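S.K.: Below you will find the structure I want to go over with you.
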Amino acid sequence: MNAIRVGVIGGGFIGKIHIEALRRLGYVEVAAIVSRKQETAEAQAKELSIPKAYSKYEDLFNDKDIDVVHLTTVNSLHYPLAKQAMQKGKHVLCEKPLAMNSKEAVELLKIARQQKIVHAICHNMRYYPLVKQARAMVRAGEAGEVRLIHGHYLQDWLFLATDYNWRLISSLSGGSRAVADIGTHWLDMVQHITGQKVTAVSADLTTFIPVRKKPKVEAATYVVQELKPEDYEDAKIDTEDHGTVVLKFSGGAKGVLVVCQVCAGRKNYIHFEINGSKKTLDWNGQEPNTMWVGQRGELNGEFIKDPAMFHPDAARYAGAPCGLGEGYLDTFKNIFSDFYSWIREGKAMNEEKVAFPTFVTGLQELLLVDAILESNAKKGQWVEVSYRDGAEAEYR
Ligand code: SOE
């Protein structure tokens with residue numbers, strides 16, 4: 001059987017992670033890489049042993065050998081590139097967010113359906129083995145009726161006024177930053193676990209550092225540069241560093257999310273606690289191989305990752321036996337495995353049946369972010385999320 005051939009657009013930190021995870025599948029070939037400059041594309045292709053290097057997107061889309069396109073570019077390119085790739089019949093896996101706004105996402109979903117392509121949004125964080133186990137436990141009723149869903153996602157890579165990156169530029173990144181960039185991982189995770197969609201939000205967003213020192217030289221995400229004062233210029237920031245979002249869920253649960261990118265010492269600290277009428281489940285991404293399970297009248301304990309003790313539909317996401325740690329990089333292998341096994345089996349796209357998050361999830365997420373921005377603009381007034389134009393489905 002021939003390998004499925006993939007072209008990856010964007011060779012930044014996340015593009016390299018995609019390439020590594022793709023190669024772990026075994027039946028997928030990374031056949032081309034695309035970068036803005038031909039020399040960069042060629043250097044990356046050489047370094048990573050990728051046969052083809054392109055700097056023109058059309059060359060990739062016109063390449064008949066390419067079956068699938070991965071989009072790992074700045075957010076503003078997701079919409080035009082996904083559109084062109086799909087029009088040429090390529091399956092698309094897009095980094096989050098799907099687009100810069102819900103209007104673009106509605107159009108992408110329509111094209112994906114017309115073209116009958118297999119489409120995925122890269123919500124990798126839901127693919128930690130214990131997150132899948134939490135989902136299976138909640139779905140089996142083991143936690144009881146879910147009452148409260150709360151937690152945070154905190155980072156410090158934008159803590160200093162001199163920290164600067166394209167994610168701070170709204171024309172490249174979008175109208176929301178902390179909520180859209182990292183809050184959406186948390187929102188995806190808890191909706192995926194509980195099956196409860198967020199229906200209404202009351203949000204308070206803050207830009208703690210409204211003017212930053214922009215280095216005159218471009219910096220990649222997470223790269224710290226040592227520069228002199230004259231190497232910076234002032235830049236006004238129009239997206240939020242922080243969001244506190246109070247949430248109502250479709251199944252009656254209540255919740256709150258705190259998201260912030262300027263919390264000293266917090267690196268990628270994603271944490272949720274789900275309080276049900278029978279059990280509490282408490283997990284964080286910095287210690288992803290244990291989950292605290294609380295109950296009244298019985299011992300509380302750490303659930304150490306052990307696929308032998310998992311529900312079968314969670315066990316398949318554990319790549320190593322009991323206690324052997326799995327992490328962030330493995331979540332990409334897991335989501336790609338779901339996506340590519342569907343393509344490999346040659347099945348027609350079925351949004352209700354695929355195991356991976358699709359453009360429907362991508363659209364639902366953008367509508368939710370819209371509601372959060374609207375609530376903040378209305379000083380925290382409750383806003384109902386309007387799931388329309390293809391986003392009506394249950395959260396999967
Ligand atoms: C930067 O905040 C970032 O790279 C996010 O864009 C990712 O989605 C998250 O996984 C890690 O942090």
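Identifiers in the structure tokens: chain A, B, ... in order shown; residue index from 1 per chain; ligand index from 1 in order shown.
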In segment 89-123 of chain A, what's alpha helix (DSSP H) per DSSP? Answer as a list in words?

M.R.: Ser102, Lys103, Glu104, Ala105, Val106, Glu107, Leu108, Leu109, Lys110, Ile111, Ala112, Arg113, Gln114 and Gln115 of chain A

S.K.: Grab the residues selected above and save them as a compact mmCIF listing (two decimals), in the first residue's frame with N, CA, C and O atoms.

M.R.:
```txt
# COMPACT_ATOMS: atom_id res chain seq x y z
N SER A 102 -15.72 33.86 12.53
CA SER A 102 -16.69 32.80 12.27
C SER A 102 -17.20 32.84 10.82
O SER A 102 -17.53 31.81 10.26
N LYS A 103 -17.23 34.02 10.21
CA LYS A 103 -17.70 34.13 8.82
C LYS A 103 -16.80 33.28 7.90
O LYS A 103 -17.28 32.51 7.07
N GLU A 104 -15.51 33.44 8.07
CA GLU A 104 -14.56 32.66 7.27
C GLU A 104 -14.72 31.16 7.56
O GLU A 104 -14.67 30.33 6.65
N ALA A 105 -14.92 30.84 8.83
CA ALA A 105 -15.03 29.43 9.21
C ALA A 105 -16.28 28.79 8.62
O ALA A 105 -16.26 27.63 8.19
N VAL A 106 -17.39 29.55 8.55
CA VAL A 106 -18.63 29.04 7.95
C VAL A 106 -18.35 28.67 6.49
O VAL A 106 -18.75 27.60 6.00
N GLU A 107 -17.64 29.55 5.80
CA GLU A 107 -17.34 29.31 4.38
C GLU A 107 -16.45 28.07 4.23
O GLU A 107 -16.68 27.23 3.35
N LEU A 108 -15.46 27.94 5.10
CA LEU A 108 -14.56 26.77 5.00
C LEU A 108 -15.33 25.48 5.21
O LEU A 108 -15.11 24.48 4.52
N LEU A 109 -16.24 25.50 6.17
CA LEU A 109 -17.02 24.28 6.44
C LEU A 109 -17.88 23.92 5.23
O LEU A 109 -17.98 22.75 4.85
N LYS A 110 -18.45 24.94 4.61
CA LYS A 110 -19.28 24.70 3.41
C LYS A 110 -18.44 24.08 2.30
O LYS A 110 -18.85 23.10 1.67
N ILE A 111 -17.27 24.63 2.06
CA ILE A 111 -16.41 24.11 0.98
C ILE A 111 -15.97 22.67 1.32
O ILE A 111 -15.97 21.79 0.46
N ALA A 112 -15.64 22.45 2.57
CA ALA A 112 -15.20 21.10 2.98
C ALA A 112 -16.30 20.08 2.67
O ALA A 112 -16.03 18.99 2.18
N ARG A 113 -17.54 20.47 2.95
CA ARG A 113 -18.67 19.56 2.70
C ARG A 113 -18.88 19.35 1.21
O ARG A 113 -19.07 18.23 0.76
N GLN A 114 -18.83 20.46 0.45
CA GLN A 114 -19.02 20.35 -1.01
C GLN A 114 -17.95 19.46 -1.63
O GLN A 114 -18.22 18.62 -2.48
N GLN A 115 -16.72 19.68 -1.21
CA GLN A 115 -15.58 18.97 -1.81
C GLN A 115 -15.41 17.55 -1.26
O GLN A 115 -14.55 16.82 -1.70
```

S.K.: Please provide the set of residues having any atom within 10 Å of Val217 of chain A, restricted to only C-alpha atoms, with same-chain residues fewer than 4 positions apart removed, written as JSON, numbers by chain.

M.R.: {"A": [225, 227, 231, 232]}

S.K.: What separation in Å, quoted to one decimal, exists between atom CA of Leu160 of chain A and atom CA of Gly12 of chain A?

M.R.: 22.1 Å

S.K.: If we count only C-alpha atoms, what is near Ala253 of chain A at a cut-off of 12 Å, once residues fewer than 6 positions away on the same chain are taken out, given as a list in words?

M.R.: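 The filter keeps Gly144, Glu145, Val146, Arg147, Leu148, Ile149, His150, Val190, Gln191, Thr194, Gly195, Gln196, Lys197, Val198, Thr199, Ala200, Val246, Leu247, Ile274, Asn275, Gly276 and Ser277 of chain A.
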
S.K.: Find the residue from A:Gln133, A:Ser76, A:Ser250, A:Asn268 that sits nearest to ligand 1; use only C-alpha atoms and all ligand atoms when measuring.

M.R.: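 The closest residue to ligand 1 is A:Asn268.
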
S.K.: Using only C-alpha atoms, determine which residues lie at most 12 Å from Ala377 of chain A, disregarding the query and same-chain residues fewer than 4 positions distant; provide the list as a list in words.

M.R.: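 Listed by chain and then number, they are Ser202, Ala203, Asp204, Leu205, Thr206, Asp370, Ala371, Ile372, Leu373, Gln381, Trp382 and Val383 of chain A.
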
S.K.: I need the residues from that last selection saved to file as a PDB file, in the first residue's frame (with all heavy atoms), if you can.

M.R.:
```pdb
ATOM      1  N   SER A 202     -20.080  34.993  30.555  1.00  0.00           N
ATOM      2  CA  SER A 202     -19.912  36.355  31.077  1.00  0.00           C
ATOM      3  C   SER A 202     -18.410  36.544  31.227  1.00  0.00           C
ATOM      4  O   SER A 202     -17.758  35.820  31.980  1.00  0.00           O
ATOM      5  CB  SER A 202     -20.618  36.485  32.431  1.00  0.00           C
ATOM      6  OG  SER A 202     -20.111  37.599  33.124  1.00  0.00           O
ATOM      7  N   ALA A 203     -17.867  37.506  30.472  1.00  0.00           N
ATOM      8  CA  ALA A 203     -16.402  37.563  30.376  1.00  0.00           C
ATOM      9  C   ALA A 203     -15.832  38.906  30.801  1.00  0.00           C
ATOM     10  O   ALA A 203     -16.433  39.959  30.588  1.00  0.00           O
ATOM     11  CB  ALA A 203     -15.987  37.282  28.934  1.00  0.00           C
ATOM     12  N   ASP A 204     -14.650  38.824  31.408  1.00  0.00           N
ATOM     13  CA  ASP A 204     -13.896  40.015  31.786  1.00  0.00           C
ATOM     14  C   ASP A 204     -12.470  39.821  31.263  1.00  0.00           C
ATOM     15  O   ASP A 204     -11.752  38.933  31.716  1.00  0.00           O
ATOM     16  CB  ASP A 204     -13.901  40.130  33.318  1.00  0.00           C
ATOM     17  CG  ASP A 204     -13.054  41.291  33.792  1.00  0.00           C
ATOM     18  OD1 ASP A 204     -12.926  42.277  33.057  1.00  0.00           O
ATOM     19  OD2 ASP A 204     -12.499  41.201  34.907  1.00  0.00           O
ATOM     20  N   LEU A 205     -12.081  40.615  30.277  1.00  0.00           N
ATOM     21  CA  LEU A 205     -10.759  40.473  29.649  1.00  0.00           C
ATOM     22  C   LEU A 205      -9.884  41.687  29.990  1.00  0.00           C
ATOM     23  O   LEU A 205     -10.396  42.799  30.100  1.00  0.00           O
ATOM     24  CB  LEU A 205     -10.893  40.368  28.125  1.00  0.00           C
ATOM     25  CG  LEU A 205     -11.910  39.376  27.554  1.00  0.00           C
ATOM     26  CD1 LEU A 205     -11.855  39.367  26.017  1.00  0.00           C
ATOM     27  CD2 LEU A 205     -11.686  37.964  28.082  1.00  0.00           C
ATOM     28  N   THR A 206      -8.586  41.457  30.124  1.00  0.00           N
ATOM     29  CA  THR A 206      -7.668  42.547  30.489  1.00  0.00           C
ATOM     30  C   THR A 206      -6.405  42.496  29.654  1.00  0.00           C
ATOM     31  O   THR A 206      -5.857  41.406  29.438  1.00  0.00           O
ATOM     32  CB  THR A 206      -7.200  42.390  31.969  1.00  0.00           C
ATOM     33  OG1 THR A 206      -8.275  41.932  32.758  1.00  0.00           O
ATOM     34  CG2 THR A 206      -6.629  43.683  32.514  1.00  0.00           C
ATOM     35  N   ASP A 370     -16.352  34.582  19.836  1.00  0.00           N
ATOM     36  CA  ASP A 370     -17.141  35.790  19.514  1.00  0.00           C
ATOM     37  C   ASP A 370     -18.008  36.189  20.705  1.00  0.00           C
ATOM     38  O   ASP A 370     -18.097  37.375  21.051  1.00  0.00           O
ATOM     39  CB  ASP A 370     -18.121  35.508  18.350  1.00  0.00           C
ATOM     40  CG  ASP A 370     -17.443  35.538  16.992  1.00  0.00           C
ATOM     41  OD1 ASP A 370     -16.259  35.905  16.921  1.00  0.00           O
ATOM     42  OD2 ASP A 370     -18.110  35.166  15.994  1.00  0.00           O
ATOM     43  N   ALA A 371     -18.672  35.206  21.317  1.00  0.00           N
ATOM     44  CA  ALA A 371     -19.568  35.495  22.450  1.00  0.00           C
ATOM     45  C   ALA A 371     -18.762  36.049  23.628  1.00  0.00           C
ATOM     46  O   ALA A 371     -19.211  36.972  24.328  1.00  0.00           O
ATOM     47  CB  ALA A 371     -20.332  34.237  22.851  1.00  0.00           C
ATOM     48  N   ILE A 372     -17.570  35.516  23.845  1.00  0.00           N
ATOM     49  CA  ILE A 372     -16.716  35.986  24.954  1.00  0.00           C
ATOM     50  C   ILE A 372     -16.301  37.445  24.707  1.00  0.00           C
ATOM     51  O   ILE A 372     -16.374  38.293  25.605  1.00  0.00           O
ATOM     52  CB  ILE A 372     -15.496  35.039  25.125  1.00  0.00           C
ATOM     53  CG1 ILE A 372     -15.976  33.678  25.652  1.00  0.00           C
ATOM     54  CG2 ILE A 372     -14.448  35.655  26.052  1.00  0.00           C
ATOM     55  CD1 ILE A 372     -14.923  32.578  25.677  1.00  0.00           C
ATOM     56  N   LEU A 373     -15.914  37.757  23.469  1.00  0.00           N
ATOM     57  CA  LEU A 373     -15.522  39.142  23.139  1.00  0.00           C
ATOM     58  C   LEU A 373     -16.718  40.082  23.295  1.00  0.00           C
ATOM     59  O   LEU A 373     -16.594  41.194  23.808  1.00  0.00           O
ATOM     60  CB  LEU A 373     -14.966  39.222  21.712  1.00  0.00           C
ATOM     61  CG  LEU A 373     -13.594  38.570  21.479  1.00  0.00           C
ATOM     62  CD1 LEU A 373     -13.232  38.585  20.001  1.00  0.00           C
ATOM     63  CD2 LEU A 373     -12.498  39.250  22.293  1.00  0.00           C
ATOM     64  N   GLN A 381     -21.756  41.406  30.655  1.00  0.00           N
ATOM     65  CA  GLN A 381     -23.154  40.964  30.499  1.00  0.00           C
ATOM     66  C   GLN A 381     -23.173  39.526  29.945  1.00  0.00           C
ATOM     67  O   GLN A 381     -22.327  39.170  29.118  1.00  0.00           O
ATOM     68  CB  GLN A 381     -23.808  41.913  29.500  1.00  0.00           C
ATOM     69  CG  GLN A 381     -25.299  41.832  29.421  1.00  0.00           C
ATOM     70  CD  GLN A 381     -25.785  42.862  28.389  1.00  0.00           C
ATOM     71  OE1 GLN A 381     -25.468  44.062  28.497  1.00  0.00           O
ATOM     72  NE2 GLN A 381     -26.499  42.404  27.387  1.00  0.00           N
ATOM     73  N   TRP A 382     -24.149  38.725  30.410  1.00  0.00           N
ATOM     74  CA  TRP A 382     -24.265  37.359  29.883  1.00  0.00           C
ATOM     75  C   TRP A 382     -24.608  37.401  28.391  1.00  0.00           C
ATOM     76  O   TRP A 382     -25.498  38.151  27.984  1.00  0.00           O
ATOM     77  CB  TRP A 382     -25.356  36.578  30.617  1.00  0.00           C
ATOM     78  CG  TRP A 382     -24.872  36.071  31.938  1.00  0.00           C
ATOM     79  CD1 TRP A 382     -25.105  36.620  33.162  1.00  0.00           C
ATOM     80  CD2 TRP A 382     -24.049  34.921  32.156  1.00  0.00           C
ATOM     81  NE1 TRP A 382     -24.474  35.890  34.140  1.00  0.00           N
ATOM     82  CE2 TRP A 382     -23.819  34.829  33.550  1.00  0.00           C
ATOM     83  CE3 TRP A 382     -23.472  33.958  31.332  1.00  0.00           C
ATOM     84  CZ2 TRP A 382     -23.044  33.827  34.121  1.00  0.00           C
ATOM     85  CZ3 TRP A 382     -22.697  32.948  31.903  1.00  0.00           C
ATOM     86  CH2 TRP A 382     -22.491  32.894  33.280  1.00  0.00           C
ATOM     87  N   VAL A 383     -23.894  36.612  27.602  1.00  0.00           N
ATOM     88  CA  VAL A 383     -24.177  36.509  26.162  1.00  0.00           C
ATOM     89  C   VAL A 383     -24.376  35.039  25.830  1.00  0.00           C
ATOM     90  O   VAL A 383     -23.575  34.185  26.234  1.00  0.00           O
ATOM     91  CB  VAL A 383     -23.010  37.092  25.326  1.00  0.00           C
ATOM     92  CG1 VAL A 383     -23.181  36.779  23.844  1.00  0.00           C
ATOM     93  CG2 VAL A 383     -22.889  38.594  25.533  1.00  0.00           C
TER      94      VAL A 383
END
```

S.K.: Fewer than 2 positions away in the same chain doesn't count, so skip those; otherwise give me all residues within 12 Å of Leu329 of chain A, counting only C-alpha atoms, as a list in words.

M.R.: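 Once the nearby chain positions are removed, what remains is Phe13, Ile14, Lys16, Ile17, His18, Ile19, Glu20, Ala21, Leu22, Arg24, Asn124, Met125, Tyr127, Tyr128, Pro288, Gly319, Gly325, Glu326, Gly327, Thr331, Phe332, Lys333, Asn334, Ile335 and Phe336 of chain A.
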
S.K.: As an exercise, work out the distance from atom CA of Pro80 of chain A to atom CA of Phe359 of chain A in Å and give it to one decimal place.

M.R.: 14.6 Å

S.K.: Name the closest residue to ligand 1 among the candidates A:Glu95, A:Asp59, A:Asp67, A:Asp330; distances are taken between atoms, counting only C-alpha atoms and all ligand atoms.

M.R.: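 Closest candidate: A:Glu95.
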